[in-house]
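Okay, protein08.cif now, which holds mmCIF, C-alpha atoms and all ligand atoms:
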data_entry
#
loop_
_atom_site.label_atom_id
_atom_site.label_comp_id
_atom_site.auth_asym_id
_atom_site.auth_seq_id
_atom_site.Cartn_x
_atom_site.Cartn_y
_atom_site.Cartn_z
CA MET N 1 63.52 -18.29 -33.18
CA GLY N 2 63.57 -15.14 -35.26
CA GLN N 3 65.79 -13.69 -32.60
CA TYR N 4 68.32 -16.51 -32.85
CA ALA N 5 68.41 -16.07 -36.59
CA ILE N 6 69.48 -12.47 -36.10
CA ALA N 7 72.32 -13.42 -33.81
CA HIS N 8 73.50 -15.96 -36.32
CA PRO N 9 73.00 -14.50 -39.75
CA GLU N 10 75.60 -16.94 -41.07
CA VAL N 11 73.24 -19.87 -40.45
CA SER N 12 70.26 -20.52 -42.67
CA PHE N 13 67.02 -20.95 -40.72
CA LYS N 14 63.66 -22.21 -41.77
CA LEU N 15 60.79 -22.05 -39.33
CA PHE N 16 57.51 -23.86 -39.93
CA GLN N 17 54.23 -23.31 -38.17
CA ASP N 18 51.20 -25.45 -39.02
CA GLU N 19 53.16 -26.79 -41.97
CA LYS N 20 53.54 -23.28 -43.35
CA MET N 21 56.93 -21.72 -43.61
CA VAL N 22 56.83 -18.52 -41.58
CA LEU N 23 60.51 -17.66 -41.57
CA SER N 24 63.32 -18.41 -43.91
CA THR N 25 66.75 -16.87 -43.81
CA SER N 26 69.42 -17.28 -46.39
CA GLY N 27 72.38 -17.63 -44.05
CA ASP N 28 74.50 -15.31 -46.13
CA GLY N 29 75.78 -13.44 -43.13
CA ARG N 30 73.93 -10.11 -43.24
CA ALA N 31 71.91 -9.21 -40.16
CA GLN N 32 69.83 -6.91 -42.35
CA ASP N 33 68.65 -9.88 -44.42
CA VAL N 34 67.53 -11.67 -41.31
CA ILE N 35 65.68 -8.59 -40.15
CA ALA N 36 64.10 -8.37 -43.59
CA SER N 37 62.80 -11.91 -43.35
CA ILE N 38 61.26 -11.20 -39.96
CA TRP N 39 60.02 -7.62 -40.22
CA GLY N 40 60.05 -7.04 -43.96
CA THR N 41 62.51 -5.36 -46.30
CA ASP N 42 61.00 -1.94 -45.75
CA ILE N 43 62.11 -1.94 -42.13
CA ALA N 44 65.41 -3.70 -42.79
CA GLU N 45 66.43 -1.10 -45.34
CA GLN N 46 65.81 1.78 -42.97
CA MET N 47 67.68 0.36 -40.00
CA LEU N 48 70.79 2.25 -38.95
CA GLU N 49 73.92 0.25 -38.35
CA ILE N 50 76.02 0.79 -35.27
CA ASN N 51 79.72 1.08 -35.87
CA PRO N 52 81.08 -1.53 -33.51
CA SER N 53 82.24 0.34 -30.45
CA THR N 54 84.34 -0.82 -27.58
CA LEU N 55 84.64 0.56 -24.12
CA GLY N 56 86.98 -1.31 -21.83
CA SER N 57 86.11 -4.96 -22.22
CA VAL N 58 82.62 -4.26 -23.65
CA THR N 59 81.85 -4.42 -27.36
CA LEU N 60 78.60 -3.27 -28.89
CA ARG N 61 77.26 -3.81 -32.38
CA GLY N 62 73.87 -4.05 -33.99
CA LEU N 63 71.17 -2.03 -35.67
CA VAL N 64 68.70 0.55 -34.42
CA SER N 65 65.71 2.10 -36.12
CA PRO N 66 65.38 5.76 -37.04
CA PRO N 67 62.75 7.45 -34.84
CA ASN N 68 60.01 7.27 -37.46
CA LEU N 69 60.16 3.48 -37.27
CA ASN N 70 58.47 2.50 -34.06
CA ARG N 71 55.66 0.37 -32.76
CA GLY N 72 53.33 0.09 -29.79
CA ARG N 73 54.91 -3.12 -28.52
CA LYS N 74 58.31 -3.81 -27.10
CA ASP N 75 58.78 -7.04 -29.00
CA ALA N 76 61.05 -5.54 -31.62
CA GLN N 77 63.73 -4.85 -29.05
CA ILE N 78 66.08 -7.74 -29.24
CA LEU N 79 69.11 -7.93 -27.08
CA PHE N 80 71.92 -10.43 -27.05
CA VAL N 81 74.69 -10.69 -24.54
CA ASN N 82 77.49 -13.03 -25.56
CA ASP N 83 75.18 -14.58 -28.17
CA ARG N 84 72.47 -15.33 -25.66
CA LEU N 85 69.05 -13.75 -26.02
CA ILE N 86 68.38 -11.85 -22.83
CA GLU N 87 66.24 -9.21 -21.20
CA ASN N 88 67.59 -6.36 -19.17
CA GLN N 89 65.57 -3.49 -17.71
CA MET N 90 68.53 -1.18 -17.42
CA ILE N 91 69.33 -1.43 -21.12
CA SER N 92 65.67 -0.94 -22.01
CA PHE N 93 65.77 2.29 -20.02
CA ALA N 94 68.95 3.43 -21.71
CA ILE N 95 67.24 2.92 -25.07
CA ALA N 96 64.02 4.66 -24.02
CA ASP N 97 66.03 7.61 -22.82
CA CYS N 98 67.83 7.95 -26.16
CA TYR N 99 64.55 8.11 -28.07
CA ARG N 100 62.65 10.37 -25.67
CA ASP N 101 62.83 13.40 -27.95
CA PHE N 102 61.40 11.42 -30.82
CA MET N 103 58.66 9.26 -29.36
CA LEU N 104 56.49 8.99 -26.33
CA LYS N 105 56.13 6.43 -23.60
CA GLY N 106 54.35 3.47 -25.09
CA ARG N 107 56.14 3.60 -28.44
CA TYR N 108 59.25 1.52 -29.01
CA PRO N 109 61.97 1.63 -31.63
CA PHE N 110 63.25 -1.45 -33.41
CA ILE N 111 66.48 -2.43 -31.73
CA PHE N 112 68.91 -5.26 -32.30
CA LEU N 113 71.87 -5.06 -29.97
CA PHE N 114 74.70 -7.50 -29.55
CA ILE N 115 76.82 -6.93 -26.53
CA THR N 116 79.99 -8.85 -25.88
CA VAL N 117 81.48 -8.83 -22.41
CA GLN N 118 83.85 -11.01 -20.43
CA PRO N 119 81.81 -13.94 -19.13
CA SER N 120 83.01 -13.09 -15.65
CA GLU N 121 81.30 -9.69 -15.96
CA ILE N 122 77.78 -11.07 -16.06
CA ASP N 123 75.43 -13.04 -13.97
CA VAL N 124 72.96 -15.07 -16.02
CA ASN N 125 69.76 -16.22 -14.47
CA VAL N 126 68.04 -18.48 -16.96
CA HIS N 127 64.27 -18.84 -16.78
CA PRO N 128 62.33 -21.34 -18.86
CA THR N 129 60.94 -18.47 -20.94
CA LYS N 130 63.42 -15.66 -20.71
CA ALA N 131 66.93 -15.04 -19.55
CA GLN N 132 67.70 -12.13 -17.29
CA VAL N 133 71.22 -10.92 -17.17
CA ARG N 134 72.80 -8.78 -14.53
CA PHE N 135 75.96 -6.89 -15.33
CA LYS N 136 78.57 -6.41 -12.69
CA LYS N 137 79.32 -2.97 -14.12
CA GLU N 138 75.79 -1.85 -14.93
CA GLN N 139 76.69 1.83 -15.20
CA GLU N 140 79.40 1.14 -17.75
CA ILE N 141 77.01 -0.83 -19.97
CA PHE N 142 74.32 1.80 -19.55
CA SER N 143 76.61 4.58 -20.73
CA ILE N 144 78.08 2.70 -23.69
CA VAL N 145 74.59 1.80 -24.95
CA GLN N 146 73.38 5.33 -24.43
CA LYS N 147 76.42 6.96 -25.98
CA THR N 148 76.39 4.71 -29.02
CA ILE N 149 72.69 5.13 -29.78
CA ASN N 150 72.78 8.88 -29.08
CA ASN N 151 75.63 9.15 -31.54
CA ILE N 152 73.59 7.54 -34.28
CA LEU N 153 70.47 9.53 -33.47
CA SER N 154 72.34 12.83 -33.50
CA SER N 155 73.71 12.32 -36.99
CA PRO N 156 72.37 14.92 -39.42
CA ASP N 157 70.65 12.23 -41.47
CA VAL N 158 68.47 11.28 -38.54
CA ARG N 159 67.90 14.71 -37.06
CA ASP N 160 67.51 16.73 -40.16
CA TYR N 161 66.85 16.28 -43.82
CA ALA N 162 69.72 15.07 -45.93
CA LYS N 163 71.58 18.21 -46.80
CA ASN N 164 74.11 16.46 -48.98
CA SER N 165 71.58 15.14 -51.41
CA LYS N 166 71.98 18.12 -53.69
CA PRO N 167 73.45 17.20 -57.04
CA ASP N 168 76.99 18.50 -57.26
CA TYR N 169 76.47 20.10 -60.63
CA PRO N 170 74.09 22.93 -61.51
CA ILE N 171 70.80 21.84 -63.05
CA ASN N 172 70.35 25.08 -64.91
CA SER N 173 71.68 28.58 -64.67
CA GLU N 174 68.90 29.65 -62.31
CA GLU N 175 70.30 27.36 -59.68
CA LEU N 176 73.54 29.31 -59.73
CA THR N 177 72.07 32.53 -58.44
CA PRO N 178 71.23 32.53 -54.76
CA GLU N 179 67.60 33.05 -53.93
CA GLN N 180 66.72 36.72 -53.74
CA PRO N 181 65.83 37.94 -50.29
CA ARG N 182 62.13 38.62 -50.15
CA LEU N 183 59.83 40.50 -47.89
CA LEU N 184 57.95 38.49 -45.35
CA GLN N 185 54.20 38.63 -45.64
CA GLY N 186 52.17 39.66 -42.66
CA ARG N 187 51.36 36.73 -40.47
CA GLU N 188 47.78 36.88 -39.30
CA LEU N 189 47.54 33.49 -37.78
CA GLY N 190 44.85 32.22 -35.51
CA SER N 191 46.29 29.15 -33.95
CA PHE N 192 50.00 29.71 -34.03
CA SER N 193 50.68 33.02 -32.46
CA PRO N 194 52.99 35.29 -34.42
CA GLU N 195 54.65 36.63 -31.28
CA ASN N 196 56.17 33.18 -30.77
CA ASN N 197 57.92 33.43 -34.08
CA VAL N 198 61.56 34.11 -33.99
CA GLU N 199 62.17 37.64 -35.17
CA LYS N 200 63.56 37.55 -38.63
CA ASP N 201 63.06 41.24 -39.26
CA THR N 202 61.73 41.76 -42.71
CA ILE N 203 64.16 39.81 -44.79
CA SER N 204 64.05 36.08 -44.99
CA MET N 205 66.08 33.48 -46.74
CA ARG N 206 63.47 30.81 -46.47
CA ARG N 207 64.47 27.20 -46.25
CA PHE N 208 60.99 26.11 -47.29
CA GLN N 209 58.76 27.96 -49.70
CA SER N 210 55.21 26.69 -49.68
CA ILE N 211 53.67 25.98 -53.05
CA GLY N 212 50.23 24.91 -51.99
CA GLN N 213 48.02 22.72 -49.85
CA MET N 214 46.61 19.32 -50.71
CA ASP N 215 43.34 18.00 -49.34
CA ALA N 216 43.58 20.69 -46.64
CA THR N 217 45.99 18.28 -44.94
CA TYR N 218 49.35 18.39 -46.64
CA ILE N 219 51.59 21.34 -47.40
CA VAL N 220 53.69 21.06 -50.52
CA ALA N 221 56.84 23.16 -50.35
CA LYS N 222 59.99 23.81 -52.29
CA GLY N 223 63.40 23.80 -50.65
CA ASP N 224 66.69 24.61 -52.32
CA ASP N 225 67.40 20.90 -52.39
CA GLY N 226 64.11 19.37 -53.44
CA ILE N 227 60.42 19.08 -52.73
CA TYR N 228 58.90 18.59 -49.30
CA ILE N 229 55.46 17.40 -48.35
CA PHE N 230 54.41 18.18 -44.80
CA ASP N 231 51.60 16.72 -42.75
CA GLN N 232 50.31 20.02 -41.39
CA HIS N 233 49.11 18.58 -38.08
CA ALA N 234 52.23 16.56 -37.28
CA THR N 235 54.44 19.46 -38.33
CA HIS N 236 52.66 21.97 -36.16
CA GLU N 237 52.53 19.47 -33.32
CA ARG N 238 56.34 19.17 -33.34
CA ILE N 239 56.66 22.98 -33.12
CA VAL N 240 54.13 23.43 -30.32
CA PHE N 241 55.57 20.46 -28.41
CA GLU N 242 59.07 21.93 -28.41
CA ASN N 243 57.77 25.42 -27.60
CA ILE N 244 55.88 24.17 -24.54
CA LEU N 245 58.88 22.17 -23.31
CA ALA N 246 61.12 25.20 -23.75
CA SER N 247 58.68 27.46 -21.87
CA ARG N 248 58.41 24.87 -19.13
CA ASP N 249 62.17 24.65 -18.76
CA GLN N 250 62.39 28.44 -18.50
CA GLY N 251 59.50 28.56 -16.04
CA GLU N 252 57.47 30.60 -18.48
CA LEU N 253 54.38 28.54 -19.14
CA SER N 254 51.56 30.94 -19.79
CA VAL N 255 47.86 30.85 -19.11
CA GLN N 256 44.91 32.17 -21.05
CA GLY N 257 41.67 32.95 -19.32
CA LEU N 258 38.49 31.49 -20.77
CA LEU N 259 35.90 34.12 -21.67
CA ASN N 260 33.26 31.47 -21.25
CA PRO N 261 34.28 29.25 -18.33
CA LEU N 262 33.80 25.63 -19.20
CA HIS N 263 31.76 23.27 -17.04
CA ILE N 264 33.12 19.74 -17.03
CA ASN N 265 31.56 16.71 -15.35
CA LEU N 266 34.02 14.31 -13.82
CA ASN N 267 33.61 10.89 -12.28
CA MET N 268 35.04 9.95 -8.88
CA PHE N 269 38.18 8.55 -10.39
CA GLN N 270 38.87 11.66 -12.47
CA LEU N 271 38.23 13.93 -9.48
CA GLU N 272 40.71 11.93 -7.46
CA THR N 273 43.30 12.28 -10.24
CA LEU N 274 42.61 15.99 -10.44
CA ASN N 275 43.23 16.49 -6.73
CA LYS N 276 46.26 14.28 -6.66
CA HIS N 277 47.97 16.12 -9.51
CA ARG N 278 46.59 19.56 -8.76
CA GLU N 279 49.95 21.28 -8.64
CA LEU N 280 51.18 19.86 -11.93
CA LEU N 281 47.99 20.85 -13.75
CA ILE N 282 48.10 24.36 -12.34
CA ASN N 283 51.73 24.56 -13.34
CA TYR N 284 50.80 23.79 -16.94
CA GLY N 285 48.17 26.51 -16.96
CA PHE N 286 44.89 24.90 -15.93
CA ASN N 287 42.83 26.84 -13.50
CA TRP N 288 39.50 25.68 -12.09
CA ASP N 289 36.96 25.86 -9.30
CA ASN N 290 34.90 23.06 -7.91
CA PHE N 291 31.23 23.35 -8.70
CA GLY N 292 29.13 20.91 -6.73
CA ASP N 293 30.25 17.33 -6.16
CA SER N 294 31.09 16.17 -9.64
CA THR N 295 31.52 19.29 -11.74
CA ILE N 296 34.38 21.71 -12.14
CA VAL N 297 34.49 25.07 -13.85
CA LEU N 298 37.58 25.61 -15.96
CA ARG N 299 38.55 29.27 -15.98
CA GLY N 300 42.09 29.21 -17.29
CA ILE N 301 43.90 26.97 -19.78
CA PRO N 302 47.43 26.62 -21.14
CA SER N 303 47.90 29.37 -23.70
CA ASP N 304 48.87 26.92 -26.44
CA LEU N 305 45.55 25.10 -26.33
CA VAL N 306 42.92 25.79 -28.94
CA GLU N 307 39.74 26.72 -27.09
CA SER N 308 37.49 24.27 -28.88
CA GLU N 309 39.84 21.44 -27.92
CA VAL N 310 40.02 22.19 -24.22
CA SER N 311 37.76 19.52 -22.87
CA ASN N 312 39.28 16.83 -25.11
CA ALA N 313 42.76 17.77 -23.95
CA PHE N 314 41.75 17.97 -20.32
CA MET N 315 40.10 14.54 -20.37
CA GLU N 316 43.06 13.03 -22.18
CA ILE N 317 45.47 14.39 -19.60
CA LEU N 318 43.29 13.07 -16.77
CA SER N 319 43.64 9.64 -18.34
CA ILE N 320 47.45 9.90 -18.69
CA LEU N 321 48.11 11.04 -15.12
CA PRO N 322 47.05 7.89 -13.27
CA GLU N 323 49.57 5.74 -15.14
CA GLU N 324 51.94 4.17 -12.69
CA PRO N 325 55.51 3.00 -13.19
CA ASP N 326 55.97 -0.71 -13.91
CA GLN N 327 56.49 -2.97 -10.91
CA ASP N 328 60.03 -3.66 -11.97
CA MET N 329 61.08 -0.02 -12.01
CA ILE N 330 62.98 0.03 -8.83
CA THR N 331 65.70 2.57 -8.96
CA GLU N 332 65.28 6.25 -8.49
CA SER N 333 66.59 7.12 -11.93
CA GLN N 334 64.11 4.73 -13.55
CA THR N 335 61.27 6.39 -11.70
CA GLU N 336 62.57 9.81 -12.72
CA LEU N 337 62.64 8.71 -16.32
CA PHE N 338 59.07 7.49 -16.01
CA VAL N 339 57.90 10.83 -14.64
CA ASP N 340 59.75 12.66 -17.40
CA HIS N 341 58.13 10.52 -20.08
CA GLN N 342 54.72 10.96 -18.50
CA GLU N 343 55.11 14.72 -18.53
CA ARG N 344 56.18 14.61 -22.15
CA LYS N 345 53.01 12.69 -22.90
CA ILE N 346 51.01 15.46 -21.27
CA VAL N 347 52.87 18.10 -23.24
CA ALA N 348 52.25 16.10 -26.41
CA SER N 349 48.56 16.06 -25.61
CA LEU N 350 48.58 19.84 -25.19
CA ALA N 351 50.51 20.14 -28.45
CA CYS N 352 48.11 17.83 -30.27
CA HIS N 353 45.11 19.87 -29.12
CA GLY N 354 46.90 23.12 -29.78
CA SER N 355 47.82 22.37 -33.38
CA ILE N 356 46.25 22.87 -36.77
CA ARG N 357 44.09 19.87 -37.62
CA ALA N 358 43.93 18.02 -40.87
CA GLY N 359 41.11 19.50 -42.93
CA GLN N 360 41.94 23.08 -42.03
CA ARG N 361 42.51 25.32 -45.02
CA LEU N 362 45.59 27.51 -44.81
CA LEU N 363 46.72 30.62 -46.63
CA VAL N 364 50.12 30.62 -48.28
CA SER N 365 51.31 33.15 -45.69
CA GLU N 366 50.15 30.84 -42.90
CA MET N 367 51.93 27.88 -44.43
CA ASP N 368 55.11 29.91 -44.82
CA ALA N 369 54.90 31.11 -41.22
CA LEU N 370 54.43 27.53 -40.05
CA LEU N 371 57.41 26.30 -42.05
CA ASP N 372 59.56 29.19 -40.81
CA GLN N 373 58.93 28.02 -37.27
CA PHE N 374 59.42 24.42 -38.24
CA GLU N 375 62.84 25.22 -39.59
CA LEU N 376 63.94 25.91 -36.03
CA ALA N 377 62.73 22.61 -34.58
CA ASN N 378 65.35 20.50 -32.85
CA TYR N 379 63.90 17.19 -33.99
CA PRO N 380 62.03 18.04 -37.15
CA LYS N 381 61.52 14.64 -38.70
CA VAL N 382 58.90 13.19 -36.38
CA CYS N 383 55.99 14.47 -34.33
CA PRO N 384 56.16 13.83 -30.58
CA HIS N 385 54.26 10.58 -31.12
CA GLY N 386 56.86 9.30 -33.56
CA ARG N 387 54.83 9.88 -36.73
CA PRO N 388 56.75 11.40 -39.63
CA THR N 389 56.15 15.11 -40.11
CA SER N 390 57.13 15.19 -43.72
CA MET N 391 58.61 13.51 -46.72
CA TYR N 392 61.29 14.71 -49.02
CA LEU N 393 62.14 14.20 -52.66
CA SER N 394 65.56 15.52 -53.54
CA THR N 395 66.27 17.34 -56.77
CA LEU N 396 68.68 14.55 -57.58
CA GLU N 397 65.93 11.95 -57.20
CA LEU N 398 63.68 14.01 -59.44
CA ASP N 399 66.46 14.29 -62.00
CA ARG N 400 66.94 10.55 -61.91
CA LYS N 401 63.24 9.87 -62.32
CA PHE N 402 63.15 12.07 -65.39
CA GLY N 403 66.32 10.71 -66.87
CA ARG N 404 68.34 13.87 -66.36
CA ALA N 405 70.92 12.36 -64.08
ZN ZN M 1 51.55 13.30 -33.23
#
Would you put the structure from the file into structure tokens?
Amino acid sequence: MGQYAIAHPEVSFKLFQDEKMVLSTSGDGRAQDVIASIWGTDIAEQMLEINPSTLGSVTLRGLVSPPNLNRGRKDAQILFVNDRLIENQMISFAIADCYRDFMLKGRYPFIFLFITVQPSEIDVNVHPTKAQVRFKKEQEIFSIVQKTINNILSSPDVRDYAKNSKPDYPINSEELTPEQPRLLQGRELGSFSPENNVEKDTISMRRFQSIGQMDATYIVAKGDDGIYIFDQHATHERIVFENILASRDQGELSVQGLLNPLHINLNMFQLETLNKHRELLINYGFNWDNFGDSTIVLRGIPSDLVESEVSNAFMEILSILPEEPDQDMITESQTELFVDHQERKIVASLACHGSIRAGQRLLVSEMDALLDQFELANYPKVCPHGRPTSMYLSTLELDRKFGRA
């Protein structure tokens, strides 16, 4: 019912359940208002609108969520073809592929897509509960969906912080002089290795300048366009995640030996997983010997892992590996996509257990070093799990709050 209301924002709907009104839409013609009445205004306001695009005889319009808006269930992915609510695996895959840099398998963006095609181009198979549609030109639909969503997700607003939010007049004379270059402090960092930092020589024009830490969890920083608050774990996780993926793609994943080899007890199921995925685990830097029937001795680990987190990470990965593709994933490319997402989940687990935790106190130099690395991230706004890394308050917003603008 909620789904029909979205397709027909021009009609006012009221839905009652147990004599209580659970959904009411005004019928004033805005899809956003319908979304607001179903998912709440908070979500509706953040949704990104697709500029209607046409490819051949196919037209696409709708709204998609920014990556930080996601949930653990697929039920916020609503798809209409010629005004009929439908399901289509291929389109679901196209969507998942667009969001793969922002969220992991098992998280889903909010999607409302309306596709219009010539009726002769589709094959509708109506079930009592759901309608499956097959497109005659599946590849064409796949690429228009993918292209359109990728376009939205690659806009600077989604990928990076709003750079245009700077007020277009100087606040005070200090703002007129460019920031003086300053010497970089030494970076003695335990968990994020300085050698991974991009060489910036000794002079830095920092994008973020850390001011301090809050509750040993959040980093407060100044940028030239406002104030930023970072979740130190999510922020570091994004950096480590991208670093591991980059090393993997260059075939340069590195291993660190454990000074004290770690004995881990495994059950039958875990041992089976370990043997089945032996090559992959070795590739990522794990190195072990069998020790009796149910124990292994870990001697080497991926170099990004924090030593105290090794057994947590290892167990987590052993629980990710046995996941199998859904029954309805039939094509080769769907299976490939599944494998890719599964590997990303493993990398995210390594990143999670290789990152600064909440509760860890940081020096200003450590925070600055972290933010210097963060500045280079490809997808800075969310951690690999789709949690926001940071929030931002522009100078203009501050000025407005204080009645200066
Ligand atoms: Zn995360």
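From atom CA of Ser65 of chain N back to atom CA of Gly40 of chain N, the distance works out to 13.3 Å.
For the set N:Ala216, N:Leu104, N:Ile229, N:Ile152, the residue with the smallest atom-to-atom gap to ligand ZN 1 (chain M) is N:Leu104, counting all atoms listed in the file.
Distance-wise, atom CA of Arg357 of chain N and atom CA of His236 of chain N end up 8.9 Å apart.
Listed by chain and then residue number, the contacts of ligand ZN 1 (chain M) are Ala234, Glu237, Cys352, Cys383, Pro384, His385, Gly386 and Arg387 of chain N (distance at most 7 Å, using all atoms listed in the file).
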Using only C-alpha atoms, the shortest atom-to-atom distance to Glu307 of chain N among N:Met367, N:Leu259, N:Met205, N:Leu398 belongs to N:Leu259
Of N:Asp372, N:Asp399, N:Glu138, N:Asp224, the one sitting nearest Ala94 of chain N when using all atoms listed in the file is N:Glu138
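The space separating atom CA of Thr235 of chain N from atom CA of Leu371 of chain N comes to 8.3 Å.
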Across N:Glu45, N:Pro67, N:His233, N:Thr331, the smallest distance to Asp157 of chain N, with all atoms listed in the file counted, is shown by N:Pro67
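Checking N:Thr273, N:Ser37, N:Arg248, N:Gly226 one by one against Ser394 of chain N, counting all atoms listed in the file, you find the shortest gap at N:Gly226.
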From the list N:Ser308, N:Ser210, N:Ser390, N:Asn378, the nearest residue to Glu242 of chain N using only C-alpha atoms is N:Asn378
Can you tell me, as an mmCIF file with C-alpha atoms, in the coordinates of the input, what residues are no more than 12 Å from Glu272 of chain N when counting all atoms listed in the file, ignoring any on the same chain fewer than 4 positions away?
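This is the output file selection14.cif:
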data_model
loop_
_atom_site.group_PDB
_atom_site.id
_atom_site.type_symbol
_atom_site.label_atom_id
_atom_site.label_comp_id
_atom_site.auth_asym_id
_atom_site.auth_seq_id
_atom_site.Cartn_x
_atom_site.Cartn_y
_atom_site.Cartn_z
ATOM 1 C CA LEU N 266 34.020 14.310 -13.820
ATOM 2 C CA ASN N 267 33.610 10.890 -12.280
ATOM 3 C CA MET N 268 35.040 9.950 -8.880
ATOM 4 C CA LYS N 276 46.260 14.280 -6.660
ATOM 5 C CA HIS N 277 47.970 16.120 -9.510
ATOM 6 C CA ARG N 278 46.590 19.560 -8.760
ATOM 7 C CA ASP N 293 30.250 17.330 -6.160
ATOM 8 C CA SER N 294 31.090 16.170 -9.640
ATOM 9 C CA LEU N 318 43.290 13.070 -16.770
ATOM 10 C CA SER N 319 43.640 9.640 -18.340
ATOM 11 C CA LEU N 321 48.110 11.040 -15.120
ATOM 12 C CA PRO N 322 47.050 7.890 -13.270
#
Excluding same-chain residues fewer than 4 positions from Gly56 of chain N, what lies within 10 Å of it counting only C-alpha atoms, as an MDAnalysis selection string?
-> chainID N and resid 117 140 144
List the spatial neighbours of Leu350 of chain N as a PyMOL selection string - criterion: any atom at most 10 Å away, all atoms listed in the file, same-chain residues fewer than 3 positions off excluded.
chain N and resi 237+240-241+244+284+302-306+309-310+312-314+316-317+344-347+353-355
Please produce an output containing C-alpha atoms for each residue in the selection, written as a CSV table (one decimal), in the frame of the given file.
chain,number,residue,atom,x,y,z
N,237,GLU,CA,52.5,19.5,-33.3
N,240,VAL,CA,54.1,23.4,-30.3
N,241,PHE,CA,55.6,20.5,-28.4
N,244,ILE,CA,55.9,24.2,-24.5
N,284,TYR,CA,50.8,23.8,-16.9
N,302,PRO,CA,47.4,26.6,-21.1
N,303,SER,CA,47.9,29.4,-23.7
N,304,ASP,CA,48.9,26.9,-26.4
N,305,LEU,CA,45.6,25.1,-26.3
N,306,VAL,CA,42.9,25.8,-28.9
N,309,GLU,CA,39.8,21.4,-27.9
N,310,VAL,CA,40.0,22.2,-24.2
N,312,ASN,CA,39.3,16.8,-25.1
N,313,ALA,CA,42.8,17.8,-24.0
N,314,PHE,CA,41.8,18.0,-20.3
N,316,GLU,CA,43.1,13.0,-22.2
N,317,ILE,CA,45.5,14.4,-19.6
N,344,ARG,CA,56.2,14.6,-22.2
N,345,LYS,CA,53.0,12.7,-22.9
N,346,ILE,CA,51.0,15.5,-21.3
N,347,VAL,CA,52.9,18.1,-23.2
N,353,HIS,CA,45.1,19.9,-29.1
N,354,GLY,CA,46.9,23.1,-29.8
N,355,SER,CA,47.8,22.4,-33.4
_Excluding Tyr108 of chain N and its own-chain neighbours fewer than 3 positions away, which residues fall within 12 Å of it when counting all atoms listed in the file? Please give them as an NGL selection string._
:N and (64-78 or 92-93 or 95-100 or 102-105 or 111 or 385-386)
Could segment 113-124 of chain N be completed with N, CA and C atoms and returned as a PDB file, in the frame of the given file?
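rebuild30.pdb written:
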ATOM      1  N   LEU N 113      70.565  -5.366 -30.565  1.00  0.00           N
ATOM      2  CA  LEU N 113      71.870  -5.060 -29.970  1.00  0.00           C
ATOM      3  C   LEU N 113      72.591  -6.351 -29.607  1.00  0.00           C
ATOM      4  N   PHE N 114      73.860  -6.361 -29.935  1.00  0.00           N
ATOM      5  CA  PHE N 114      74.700  -7.500 -29.550  1.00  0.00           C
ATOM      6  C   PHE N 114      75.818  -6.967 -28.684  1.00  0.00           C
ATOM      7  N   ILE N 115      75.801  -7.400 -27.457  1.00  0.00           N
ATOM      8  CA  ILE N 115      76.820  -6.930 -26.530  1.00  0.00           C
ATOM      9  C   ILE N 115      77.755  -8.094 -26.204  1.00  0.00           C
ATOM     10  N   THR N 116      79.032  -7.821 -26.264  1.00  0.00           N
ATOM     11  CA  THR N 116      79.990  -8.850 -25.880  1.00  0.00           C
ATOM     12  C   THR N 116      80.749  -8.356 -24.648  1.00  0.00           C
ATOM     13  N   VAL N 117      80.740  -9.169 -23.625  1.00  0.00           N
ATOM     14  CA  VAL N 117      81.480  -8.830 -22.410  1.00  0.00           C
ATOM     15  C   VAL N 117      82.252 -10.062 -21.936  1.00  0.00           C
ATOM     16  N   GLN N 118      83.174  -9.860 -21.059  1.00  0.00           N
ATOM     17  CA  GLN N 118      83.850 -11.010 -20.430  1.00  0.00           C
ATOM     18  C   GLN N 118      82.800 -11.811 -19.675  1.00  0.00           C
ATOM     19  N   PRO N 119      82.809 -13.133 -19.838  1.00  0.00           N
ATOM     20  CA  PRO N 119      81.810 -13.940 -19.130  1.00  0.00           C
ATOM     21  C   PRO N 119      81.808 -13.697 -17.622  1.00  0.00           C
ATOM     22  N   SER N 120      82.949 -13.321 -17.097  1.00  0.00           N
ATOM     23  CA  SER N 120      83.010 -13.090 -15.650  1.00  0.00           C
ATOM     24  C   SER N 120      82.291 -11.802 -15.243  1.00  0.00           C
ATOM     25  N   GLU N 121      81.934 -10.978 -16.249  1.00  0.00           N
ATOM     26  CA  GLU N 121      81.300  -9.690 -15.960  1.00  0.00           C
ATOM     27  C   GLU N 121      79.787  -9.790 -15.819  1.00  0.00           C
ATOM     28  N   ILE N 122      79.235 -10.968 -16.117  1.00  0.00           N
ATOM     29  CA  ILE N 122      77.780 -11.070 -16.060  1.00  0.00           C
ATOM     30  C   ILE N 122      77.315 -12.224 -15.168  1.00  0.00           C
ATOM     31  N   ASP N 123      76.075 -12.111 -14.847  1.00  0.00           N
ATOM     32  CA  ASP N 123      75.430 -13.040 -13.970  1.00  0.00           C
ATOM     33  C   ASP N 123      74.155 -13.459 -14.695  1.00  0.00           C
ATOM     34  N   VAL N 124      74.123 -14.660 -15.237  1.00  0.00           N
ATOM     35  CA  VAL N 124      72.960 -15.070 -16.020  1.00  0.00           C
ATOM     36  C   VAL N 124      72.012 -15.884 -15.166  1.00  0.00           C
TER      37      VAL N 124
END
